[in-house]
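Peer 1: Here it is: the structure, laid out below.
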Amino acid sequence: MTTYNSLLFEISKPGRKGYSLPETEVDQTAVADILPAHLVREEPAELPELSELQIMRHYTGLSNKNFGIETGFYPLGSCTMKYNPKINEDIARYSGFAHIHPLQPEQTAQGAFELMHRLEENLKEVTGMDAISLQPAAGAQGEWAGLLIFKAYHQANGEGDKRRKILVPDSAHGTNPASAVVAGYDVVEIKSNEHGRVGIEALKAAVGPDTAGLMLTNPNTLGLFEVDIVEIAEIVHEAGGLLYYDGANANAILGKSTPGEMGFDVVHLNLHKSFSTPHGGGGPGSGPIGVKDYLKAFLPSPRIEKTAEGFTVSRDHPQAIGRVKGYFGNFGVNVRAYSYIRSMGAEGLQQVSEDAVLHANYLKARLAPYYDTPYQDHCKHEFVLSGMRQKKQGVRTLDIAKRLLDYGFYAPTVYFPLIVEECLMIEPTETEAKEELDAFADAMIEIAKDAENDPEIVTGAPYTKAVRRLDEVTAARKPVVTFQRNSAELKR
């Protein structure tokens with residue numbers, strides 16, 4: 001095994017250094033003279049000691065182990081792992097964007113304000129909303145902010161204490177009920193009908209004077225368009241509730257329809273999904289929210305406003321829910337999204353959705369003979385399969401996902417949504433070539449045949465990775481998160 005596949009501590013040697021510093025002319029004051037005695041180390045910290053080349057090989061080796069959209073097909077359902085054009089990365093690094101500071105005088109940041117204003121205008125058109133806030137830093141934070149707007153609206157109408165329930169379909173993203181709870185609401189689950197859509201009768205039975213609103217994704221998490229959306233909106237509005245649009249799946253409707261046309265009152269967008277900025281994954285994201293006119297007063301503050309003299313920051317919004325993120329969200333992400341929208345144009349964005357829907361339906365048609373398809377309708381940008389047929393041979397959905405790694409593909413989302421047993425959730429996006437889609441389909445078909453004829457090949461996978469099957473339960477319950485030189489878990 002090469003040394004750069006080892007831990008830094010394993011290749012460390014006392015006295016080895018990766019740097020050489022010149023002598024300093026600054027007087028050195030002993031640490032003991034500055035810090036309290038109980039904070040002074042009695043012996044040096046045990047840090048790895050390596051040469052510069054060893055360090056470079058170690059971290060380069062780690063980076064080569066990473067899987068991303070630029071290294072292979074990434075069909076993670078409901079997450080839209082699409083390619084991020086590098087021109088947008090370059091634009092976000094322009095010195096005028098990269099070197100500004102949020103506290104510099106307004107008159108020196110007019111270009112940044114104008115870009116954000118224009119992005120807001122673009123997103124208003126995309127969503128059919130009347131006002132946009134770029135503050136939320138991610139989709140989940142956008143959900144939370146939108147629900148705070150629900151609460152502020154009902155409180156302004158004197159119904160804040162009465163309207164305590166948020167309705168959430170059983171196929172919803174997990175962030176929906178979580179955001180509702182964090183916002184202080186009680187969650188009521190709405191069962192899907194046999195077609196995988198919101199059950200109208202179940203919805204009618206659930207709404208009432210205590211309903212604050214309904215959270216909905218359209219198309220939903222099964223990849224199906226809610227064909228009864230106008231009736232759904234009417235039912236919620238007649239009960240005095242509001243309708244929230246989870247924009248996670250907007251990649252399927254760009255240029256085709258808008259949440260505003262469907263009857264939604266509040267919307268959030270995941271810019272990393274539909275508008276091709278880097279996916280959050282713990283890093284910077286952006287989840288702007290949009291509202292109809294009658295909710296504009298409650299948007300986060302401060303806000304960017306256009307005046308005759310230019311752009312200014314407005315803070316006088318007494319009904320606003322307040323600030324949900326420092327300044328105006330993650331500016332660099334917003335620059336990338338604006339660049340993407342401008343480069344694609346209206347026709348290009350519509351083509352994005354058309355291609356995403358075409359790709360999903362093509363893959364679904366190719367795989368339907370080999371896997372169970374719980375819903376037969378045409379899908380939008382993503383679809384679900386079930387591994388129930390394979391389960392009868394002793395092969396679980398997790399086994400299928402592990403075996404896909406041997407073919408060089410990232411596995412799709414598994415076991416979600418929860419309403420589909422042995423679920424595989426696949427989203428190919430518009431950025432994949434037909435050859436890549438066919439290669440993925442061929443791999444899935446081969447796995448299905450192996451599950452039928454020689455299931456142990458699948459249940460033993462993966463075979464080509466440095467790490468095989470992990471004891472995920474023990475790893476979650478008893479994690480080892482620090483280096484232990486004599487730890488039995490690290491012995492080879």
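Just remember, in the structure tokens the first chain shown is A, the second B, etc., residues are 1-based per chain, and ligands are 1-based in the order shown.
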Under the rule of at most 9 Å, produce a per-residue listing of segment 384-466 of chain A near segment 76-98 of chain A: chain, number, name, the closest pair of atoms, and the distance in Å, as CSV, using only C-alpha atoms.

Peer 2:
residue,atom,partner,partner_atom,distance
A:Val384,CA,A:Gly77,CA,8.4
A:Tyr410,CA,A:Leu76,CA,7.7
A:Ala411,CA,A:Leu76,CA,6.8
A:Pro412,CA,A:Leu76,CA,4.4
A:Thr413,CA,A:Leu76,CA,5.2
A:Val414,CA,A:Gly77,CA,8.5
A:Phe416,CA,A:Gly77,CA,8.8
A:Leu424,CA,A:Gly77,CA,8.2
A:Met425,CA,A:Gly77,CA,4.7
A:Ile426,CA,A:Gly77,CA,4.4
A:Glu427,CA,A:Gly77,CA,4.5
A:Pro428,CA,A:Thr80,CA,7.8
A:Thr429,CA,A:Lys82,CA,6.1
A:Glu430,CA,A:Lys82,CA,7.4
A:Thr431,CA,A:Lys82,CA,6.1
A:Glu432,CA,A:Lys82,CA,8.3

Peer 1: Can you spit out the residues from that selection as a short mmCIF file (atom, residue, chain, number, x, y, z; two decimals), in the first residue's frame, using N, CA and C atoms?

Peer 2:
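That gives us result-v7.cif:
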data_model
loop_
_atom_site.label_atom_id
_atom_site.label_comp_id
_atom_site.auth_asym_id
_atom_site.auth_seq_id
_atom_site.Cartn_x
_atom_site.Cartn_y
_atom_site.Cartn_z
N VAL A 384 -39.46 7.02 -9.25
CA VAL A 384 -39.11 6.02 -8.24
C VAL A 384 -39.33 4.62 -8.79
N TYR A 410 -22.53 6.81 -8.95
CA TYR A 410 -23.02 7.13 -7.61
C TYR A 410 -24.43 6.55 -7.51
N ALA A 411 -24.76 6.01 -6.37
CA ALA A 411 -26.08 5.38 -6.22
C ALA A 411 -27.18 6.43 -6.13
N PRO A 412 -28.36 6.13 -6.63
CA PRO A 412 -29.50 7.03 -6.42
C PRO A 412 -29.93 7.03 -4.95
N THR A 413 -30.84 7.90 -4.61
CA THR A 413 -31.41 7.93 -3.27
C THR A 413 -32.14 6.62 -3.00
N VAL A 414 -31.94 6.04 -1.83
CA VAL A 414 -32.59 4.77 -1.50
C VAL A 414 -33.49 4.94 -0.27
N PHE A 416 -36.33 6.23 0.10
CA PHE A 416 -37.05 7.49 0.21
C PHE A 416 -37.69 7.79 -1.15
N LEU A 424 -36.08 3.16 -4.80
CA LEU A 424 -34.94 3.75 -5.49
C LEU A 424 -35.45 5.02 -6.16
N MET A 425 -34.87 6.14 -5.85
CA MET A 425 -35.32 7.43 -6.39
C MET A 425 -34.25 7.99 -7.30
N ILE A 426 -34.58 8.15 -8.58
CA ILE A 426 -33.57 8.44 -9.61
C ILE A 426 -33.89 9.75 -10.30
N GLU A 427 -32.90 10.63 -10.35
CA GLU A 427 -33.04 11.91 -11.06
C GLU A 427 -31.83 12.11 -11.97
N PRO A 428 -32.01 11.94 -13.28
CA PRO A 428 -30.86 12.03 -14.18
C PRO A 428 -30.41 13.45 -14.52
N THR A 429 -31.27 14.44 -14.37
CA THR A 429 -31.06 15.84 -14.75
C THR A 429 -30.88 15.97 -16.26
N GLU A 430 -30.84 17.22 -16.70
CA GLU A 430 -30.75 17.51 -18.14
C GLU A 430 -29.32 17.50 -18.66
N THR A 431 -28.34 17.44 -17.77
CA THR A 431 -26.97 17.65 -18.22
C THR A 431 -26.25 16.38 -18.65
N GLU A 432 -26.90 15.23 -18.57
CA GLU A 432 -26.26 13.98 -18.96
C GLU A 432 -26.51 13.65 -20.43
#

Peer 1: Using only C-alpha atoms for the distances, tell me which of A:Leu405, A:Ala308, A:Cys423, A:Val333 is nearest to Lys273 of chain A.

Peer 2: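 Answer, going by the shortest atom-to-atom distance: A:Val333.
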
Peer 1: Compile the contact shell of Ala140 of chain A as a PyMOL selection string: residues with an atom at most 12 Å away, counting only C-alpha atoms, same-chain residues fewer than 5 positions apart removed.

Peer 2: chain A and resi 145-147+173-180+182-183+246-248+267-270+280+285-289+324

Peer 1: Taking C-alpha atoms for each residue, export the selection above as a CSV table (one decimal), in the first residue's frame.

Peer 2:
chain,number,residue,atom,x,y,z
A,145,ALA,CA,-38.4,31.7,6.9
A,146,GLY,CA,-41.5,31.1,4.7
A,147,LEU,CA,-43.3,29.5,7.7
A,173,HIS,CA,-39.1,16.1,1.9
A,174,GLY,CA,-38.1,15.5,5.5
A,175,THR,CA,-37.2,19.1,5.8
A,176,ASN,CA,-40.8,20.1,5.5
A,177,PRO,CA,-42.1,18.7,8.8
A,178,ALA,CA,-38.8,19.6,10.5
A,179,SER,CA,-39.1,23.2,9.4
A,180,ALA,CA,-42.7,23.4,10.6
A,182,VAL,CA,-38.8,24.5,14.3
A,183,ALA,CA,-41.2,27.3,13.3
A,246,ASP,CA,-41.1,23.7,-1.8
A,247,GLY,CA,-39.0,24.6,-4.8
A,248,ALA,CA,-36.7,21.6,-4.6
A,267,VAL,CA,-42.2,29.7,-2.4
A,268,HIS,CA,-38.6,28.9,-1.8
A,269,LEU,CA,-36.0,28.0,-4.5
A,270,ASN,CA,-32.9,25.9,-4.1
A,280,GLY,CA,-24.7,23.0,-0.4
A,285,GLY,CA,-26.0,27.5,-0.5
A,286,SER,CA,-28.9,29.8,-1.3
A,287,GLY,CA,-32.7,29.4,-0.7
A,288,PRO,CA,-34.5,32.6,-1.7
A,289,ILE,CA,-38.1,33.0,-0.8
A,324,VAL,CA,-32.6,35.3,8.9

Peer 1: Which residues are near Pro374 of chain A? Cut-off 10 Å, only C-alpha atoms, ignore same chain within fewer than 2 positions. Put them as a short mmCIF file (atom, residue, chain, number, x, y, z; two decimals) with all heavy atoms, in the first residue's frame.

Peer 2:
data_model
loop_
_atom_site.label_atom_id
_atom_site.label_comp_id
_atom_site.auth_asym_id
_atom_site.auth_seq_id
_atom_site.Cartn_x
_atom_site.Cartn_y
_atom_site.Cartn_z
N GLU A 194 -53.92 6.56 -4.34
CA GLU A 194 -53.32 5.42 -5.03
C GLU A 194 -52.47 5.82 -6.23
O GLU A 194 -51.69 5.02 -6.75
CB GLU A 194 -54.41 4.44 -5.48
CG GLU A 194 -55.36 4.98 -6.55
CD GLU A 194 -56.53 5.74 -5.96
OE1 GLU A 194 -56.44 6.18 -4.78
OE2 GLU A 194 -57.55 5.92 -6.67
N HIS A 195 -52.60 7.08 -6.64
CA HIS A 195 -51.82 7.58 -7.78
C HIS A 195 -50.55 8.32 -7.34
O HIS A 195 -49.84 8.87 -8.17
CB HIS A 195 -52.68 8.49 -8.64
CG HIS A 195 -53.94 7.86 -9.14
ND1 HIS A 195 -53.94 6.79 -10.02
CD2 HIS A 195 -55.24 8.12 -8.86
CE1 HIS A 195 -55.19 6.43 -10.27
NE2 HIS A 195 -55.99 7.21 -9.58
N GLY A 196 -50.29 8.33 -6.03
CA GLY A 196 -49.08 8.97 -5.53
C GLY A 196 -49.19 10.47 -5.37
O GLY A 196 -48.18 11.15 -5.21
N LEU A 222 -42.29 12.04 -5.55
CA LEU A 222 -42.35 10.83 -6.38
C LEU A 222 -42.10 11.16 -7.85
O LEU A 222 -42.10 10.27 -8.70
CB LEU A 222 -43.71 10.15 -6.22
CG LEU A 222 -44.04 9.66 -4.81
CD1 LEU A 222 -45.51 9.28 -4.72
CD2 LEU A 222 -43.16 8.49 -4.43
N ALA A 368 -38.22 -0.15 -16.40
CA ALA A 368 -39.52 -0.69 -15.95
C ALA A 368 -39.65 -2.21 -16.12
O ALA A 368 -40.26 -2.87 -15.27
CB ALA A 368 -40.66 0.02 -16.68
N TYR A 371 -37.55 -3.69 -12.88
CA TYR A 371 -37.84 -3.27 -11.51
C TYR A 371 -39.32 -2.92 -11.42
O TYR A 371 -39.95 -2.54 -12.41
CB TYR A 371 -36.99 -2.05 -11.11
CG TYR A 371 -35.51 -2.32 -11.06
CD1 TYR A 371 -34.72 -2.21 -12.21
CD2 TYR A 371 -34.89 -2.69 -9.88
CE1 TYR A 371 -33.36 -2.46 -12.18
CE2 TYR A 371 -33.52 -2.95 -9.83
CZ TYR A 371 -32.77 -2.84 -10.99
OH TYR A 371 -31.41 -3.10 -10.95
N ASP A 372 -39.86 -3.01 -10.23
CA ASP A 372 -41.26 -2.62 -10.04
C ASP A 372 -41.38 -1.10 -10.14
O ASP A 372 -40.55 -0.36 -9.61
CB ASP A 372 -41.76 -3.09 -8.68
CG ASP A 372 -41.89 -4.60 -8.60
OD1 ASP A 372 -42.00 -5.24 -9.66
OD2 ASP A 372 -41.87 -5.14 -7.47
N GLN A 376 -47.51 4.38 -12.57
CA GLN A 376 -47.37 4.18 -14.01
C GLN A 376 -47.42 5.48 -14.82
O GLN A 376 -47.06 5.49 -15.99
CB GLN A 376 -48.48 3.23 -14.51
CG GLN A 376 -48.54 1.90 -13.78
CD GLN A 376 -47.22 1.16 -13.81
OE1 GLN A 376 -46.58 1.07 -14.85
NE2 GLN A 376 -46.80 0.63 -12.66
N ASP A 377 -47.91 6.56 -14.24
CA ASP A 377 -48.03 7.81 -14.99
C ASP A 377 -46.66 8.30 -15.43
O ASP A 377 -45.63 7.97 -14.84
CB ASP A 377 -48.68 8.89 -14.12
CG ASP A 377 -50.14 8.58 -13.83
OD1 ASP A 377 -50.68 7.62 -14.43
OD2 ASP A 377 -50.73 9.28 -12.99
N PHE A 383 -38.04 9.92 -10.88
CA PHE A 383 -39.01 8.83 -10.76
C PHE A 383 -38.54 7.87 -9.69
O PHE A 383 -37.38 7.89 -9.27
CB PHE A 383 -39.20 8.10 -12.09
CG PHE A 383 -37.95 7.40 -12.59
CD1 PHE A 383 -37.77 6.04 -12.40
CD2 PHE A 383 -36.97 8.11 -13.27
CE1 PHE A 383 -36.64 5.39 -12.87
CE2 PHE A 383 -35.84 7.48 -13.75
CZ PHE A 383 -35.67 6.12 -13.55
N VAL A 384 -39.46 7.02 -9.25
CA VAL A 384 -39.11 6.02 -8.24
C VAL A 384 -39.33 4.62 -8.79
O VAL A 384 -40.26 4.37 -9.56
CB VAL A 384 -39.92 6.20 -6.94
CG1 VAL A 384 -39.58 7.52 -6.27
CG2 VAL A 384 -41.41 6.11 -7.19
N LEU A 385 -38.44 3.73 -8.40
CA LEU A 385 -38.57 2.31 -8.65
C LEU A 385 -38.66 1.61 -7.29
O LEU A 385 -38.33 2.19 -6.26
CB LEU A 385 -37.36 1.76 -9.41
CG LEU A 385 -37.06 2.35 -10.78
CD1 LEU A 385 -35.75 1.78 -11.31
CD2 LEU A 385 -38.19 2.06 -11.77
N SER A 386 -39.09 0.38 -7.30
CA SER A 386 -39.10 -0.43 -6.09
C SER A 386 -38.30 -1.70 -6.32
O SER A 386 -38.39 -2.32 -7.38
CB SER A 386 -40.55 -0.77 -5.69
OG SER A 386 -40.55 -1.72 -4.64
N VAL A 420 -42.85 4.28 -0.43
CA VAL A 420 -42.54 3.24 -1.42
C VAL A 420 -41.55 2.27 -0.79
O VAL A 420 -40.44 2.64 -0.43
CB VAL A 420 -41.95 3.85 -2.70
CG1 VAL A 420 -41.53 2.74 -3.68
CG2 VAL A 420 -42.94 4.79 -3.36
N GLU A 421 -41.97 1.02 -0.65
CA GLU A 421 -41.11 0.02 -0.03
C GLU A 421 -39.95 -0.33 -0.95
O GLU A 421 -40.12 -0.48 -2.16
CB GLU A 421 -41.92 -1.24 0.30
CG GLU A 421 -41.19 -2.21 1.21
CD GLU A 421 -42.09 -3.33 1.70
OE1 GLU A 421 -43.30 -3.31 1.42
OE2 GLU A 421 -41.56 -4.25 2.37
N CYS A 423 -37.47 1.50 -1.93
CA CYS A 423 -37.50 2.57 -2.94
C CYS A 423 -36.12 2.90 -3.49
O CYS A 423 -35.13 2.92 -2.77
CB CYS A 423 -38.12 3.83 -2.32
SG CYS A 423 -38.39 5.15 -3.51
#

Peer 1: Within segment 32-241 of chain A, find each residue whose DSSP state, derived from the backbone, is strand (DSSP E or B), and express the selection as a ChimeraX atom specification.

Peer 2: /A:76,131-133,165-169,186-190,192,198,211-216

Peer 1: Show me, as an MDAnalysis selection string, the residues that have an atom within 10 Å of Met129 of chain A when counting only C-alpha atoms, minus same-chain residues fewer than 3 positions from it.

Peer 2: chainID A and resid 121 123:126 132 258:261 264:267 289:293 296

Peer 1: So that I can check the secondary structure, give me every residue of segment 93-286 of chain A assigned helix (DSSP H, G or I) by backbone DSSP, as a PyMOL selection string.

Peer 2: chain A and resi 95-98+106-108+110-127+139-156+175-182+200-206+229-238+250-252+259-262+271-274

Peer 1: Rank nothing, just name the residue among A:Gly128, A:Pro102, A:Gly15, A:Pro169 nearest to Gly199 of chain A, using only C-alpha atoms.

Peer 2: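 The shortest atom-to-atom distance to Gly199 of chain A comes from A:Pro169.
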
Peer 1: How many Å lie between atom CA of Ala443 of chain A and atom CA of Ile457 of chain A, rounded to one decimal?

Peer 2: 13.5 Å

Peer 1: Set the distance at 8 Å and use only C-alpha atoms: which residues neighbour segment 52-59 of chain A once local chain neighbours fewer than 3 positions away are removed? I'd like the list as a VMD selection string.

Peer 2: chain A and resid 4 to 6 8 17 to 19 62 to 63

Peer 1: Got time to write the residues from that selection, all heavy atoms, as a PDB file, in the first residue's frame?

Peer 2:
ATOM      1  N   TYR A   4       0.675   7.364   0.719  1.00  0.00           N
ATOM      2  CA  TYR A   4      -0.326   8.432   0.694  1.00  0.00           C
ATOM      3  C   TYR A   4      -1.750   7.882   0.766  1.00  0.00           C
ATOM      4  O   TYR A   4      -2.708   8.634   0.678  1.00  0.00           O
ATOM      5  CB  TYR A   4      -0.142   9.360  -0.514  1.00  0.00           C
ATOM      6  CG  TYR A   4       0.071   8.681  -1.846  1.00  0.00           C
ATOM      7  CD1 TYR A   4      -0.997   8.273  -2.644  1.00  0.00           C
ATOM      8  CD2 TYR A   4       1.358   8.449  -2.315  1.00  0.00           C
ATOM      9  CE1 TYR A   4      -0.793   7.666  -3.857  1.00  0.00           C
ATOM     10  CE2 TYR A   4       1.572   7.836  -3.540  1.00  0.00           C
ATOM     11  CZ  TYR A   4       0.495   7.458  -4.307  1.00  0.00           C
ATOM     12  OH  TYR A   4       0.702   6.842  -5.520  1.00  0.00           O
ATOM     13  N   ASN A   5      -1.904   6.575   0.941  1.00  0.00           N
ATOM     14  CA  ASN A   5      -3.209   6.019   1.272  1.00  0.00           C
ATOM     15  C   ASN A   5      -3.329   5.771   2.779  1.00  0.00           C
ATOM     16  O   ASN A   5      -4.333   5.252   3.248  1.00  0.00           O
ATOM     17  CB  ASN A   5      -3.445   4.695   0.527  1.00  0.00           C
ATOM     18  CG  ASN A   5      -3.935   4.935  -0.886  1.00  0.00           C
ATOM     19  OD1 ASN A   5      -4.659   5.887  -1.130  1.00  0.00           O
ATOM     20  ND2 ASN A   5      -3.527   4.083  -1.810  1.00  0.00           N
ATOM     21  N   SER A   6      -2.275   6.124   3.514  1.00  0.00           N
ATOM     22  CA  SER A   6      -2.266   5.924   4.954  1.00  0.00           C
ATOM     23  C   SER A   6      -2.685   7.204   5.661  1.00  0.00           C
ATOM     24  O   SER A   6      -2.748   8.281   5.068  1.00  0.00           O
ATOM     25  CB  SER A   6      -0.860   5.520   5.418  1.00  0.00           C
ATOM     26  OG  SER A   6      -0.422   4.352   4.746  1.00  0.00           O
ATOM     27  N   LEU A   8      -2.133  10.389   8.130  1.00  0.00           N
ATOM     28  CA  LEU A   8      -0.962  11.240   8.344  1.00  0.00           C
ATOM     29  C   LEU A   8      -0.158  10.777   9.550  1.00  0.00           C
ATOM     30  O   LEU A   8       1.078  10.797   9.536  1.00  0.00           O
ATOM     31  CB  LEU A   8      -1.410  12.689   8.538  1.00  0.00           C
ATOM     32  CG  LEU A   8      -1.955  13.406   7.292  1.00  0.00           C
ATOM     33  CD1 LEU A   8      -2.444  14.793   7.667  1.00  0.00           C
ATOM     34  CD2 LEU A   8      -0.901  13.499   6.208  1.00  0.00           C
ATOM     35  N   LYS A  17       9.896  17.839   8.682  1.00  0.00           N
ATOM     36  CA  LYS A  17       9.177  19.090   8.509  1.00  0.00           C
ATOM     37  C   LYS A  17       8.850  19.343   7.042  1.00  0.00           C
ATOM     38  O   LYS A  17       9.577  18.906   6.148  1.00  0.00           O
ATOM     39  CB  LYS A  17       9.991  20.268   9.052  1.00  0.00           C
ATOM     40  CG  LYS A  17      10.160  20.266  10.573  1.00  0.00           C
ATOM     41  CD  LYS A  17      10.886  21.513  11.043  1.00  0.00           C
ATOM     42  CE  LYS A  17      11.003  21.524  12.566  1.00  0.00           C
ATOM     43  NZ  LYS A  17      11.697  22.748  13.047  1.00  0.00           N
ATOM     44  N   GLY A  18       7.748  20.065   6.845  1.00  0.00           N
ATOM     45  CA  GLY A  18       7.352  20.438   5.491  1.00  0.00           C
ATOM     46  C   GLY A  18       7.511  21.917   5.232  1.00  0.00           C
ATOM     47  O   GLY A  18       6.941  22.456   4.296  1.00  0.00           O
ATOM     48  N   TYR A  19       8.297  22.603   6.068  1.00  0.00           N
ATOM     49  CA  TYR A  19       8.469  24.039   5.906  1.00  0.00           C
ATOM     50  C   TYR A  19       9.842  24.442   6.439  1.00  0.00           C
ATOM     51  O   TYR A  19      10.489  23.701   7.183  1.00  0.00           O
ATOM     52  CB  TYR A  19       7.391  24.807   6.671  1.00  0.00           C
ATOM     53  CG  TYR A  19       7.461  24.608   8.166  1.00  0.00           C
ATOM     54  CD1 TYR A  19       8.206  25.478   8.962  1.00  0.00           C
ATOM     55  CD2 TYR A  19       6.821  23.535   8.780  1.00  0.00           C
ATOM     56  CE1 TYR A  19       8.300  25.292  10.330  1.00  0.00           C
ATOM     57  CE2 TYR A  19       6.901  23.342  10.150  1.00  0.00           C
ATOM     58  CZ  TYR A  19       7.649  24.222  10.918  1.00  0.00           C
ATOM     59  OH  TYR A  19       7.736  24.030  12.267  1.00  0.00           O
ATOM     60  N   LEU A  62      -6.631  12.006  -1.273  1.00  0.00           N
ATOM     61  CA  LEU A  62      -7.983  12.125  -0.729  1.00  0.00           C
ATOM     62  C   LEU A  62      -8.924  12.758  -1.747  1.00  0.00           C
ATOM     63  O   LEU A  62     -10.068  12.325  -1.908  1.00  0.00           O
ATOM     64  CB  LEU A  62      -7.953  12.959   0.559  1.00  0.00           C
ATOM     65  CG  LEU A  62      -7.328  12.325   1.797  1.00  0.00           C
ATOM     66  CD1 LEU A  62      -7.402  13.297   2.970  1.00  0.00           C
ATOM     67  CD2 LEU A  62      -8.027  11.020   2.160  1.00  0.00           C
ATOM     68  N   SER A  63      -8.465  13.808  -2.431  1.00  0.00           N
ATOM     69  CA  SER A  63      -9.329  14.476  -3.409  1.00  0.00           C
ATOM     70  C   SER A  63      -9.688  13.540  -4.557  1.00  0.00           C
ATOM     71  O   SER A  63     -10.796  13.612  -5.099  1.00  0.00           O
ATOM     72  CB  SER A  63      -8.646  15.737  -3.952  1.00  0.00           C
ATOM     73  OG  SER A  63      -7.538  15.412  -4.768  1.00  0.00           O
TER      74      SER A  63
END

Peer 1: Which residue out of A:Thr482, A:Lys306, A:Thr127, A:Tyr294 has the minimum interatomic distance to Asn157 of chain A when only C-alpha atoms are used?

Peer 2: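 Nearest candidate to Asn157 of chain A out of A:Thr482, A:Lys306, A:Thr127, A:Tyr294: A:Tyr294.
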
Peer 1: Have a look at A:Gly322, A:Leu224, A:Ala205, A:Pro75 and name the one nearest to His359 of chain A; count only C-alpha atoms.

Peer 2: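 So, comparing all the options, the nearest one is A:Pro75.
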
Peer 1: Skipping near chain neighbours, those fewer than 5 positions away, what residues fall within 12 Å of Arg164 of chain A using only C-alpha atoms, listed as a list in words?

Peer 2: Leu147, Phe150, Lys151, His154, Gln155, Glu159, Ala180, Val181, Ala183, Gly184, Tyr185, Asp186, Val187, Val188, Val207, Gly208, Pro209, Asp210, Thr211, Ala212, Gly213, Leu214 and Gly241 of chain A

Peer 1: Counting only C-alpha atoms, which of A:Ala337, A:Pro14, A:Gly263, A:Ala250 gets nearest to Glu120 of chain A?

Peer 2: A:Ala337

Peer 1: Compare A:Gly387, A:Gly139, A:Gly408, A:Pro369 by their minimum atom-to-atom distance to Ser274 of chain A, counting only C-alpha atoms, and give me the closest one.

Peer 2: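 Nearest candidate to Ser274 of chain A out of A:Gly387, A:Gly139, A:Gly408, A:Pro369: A:Gly139.
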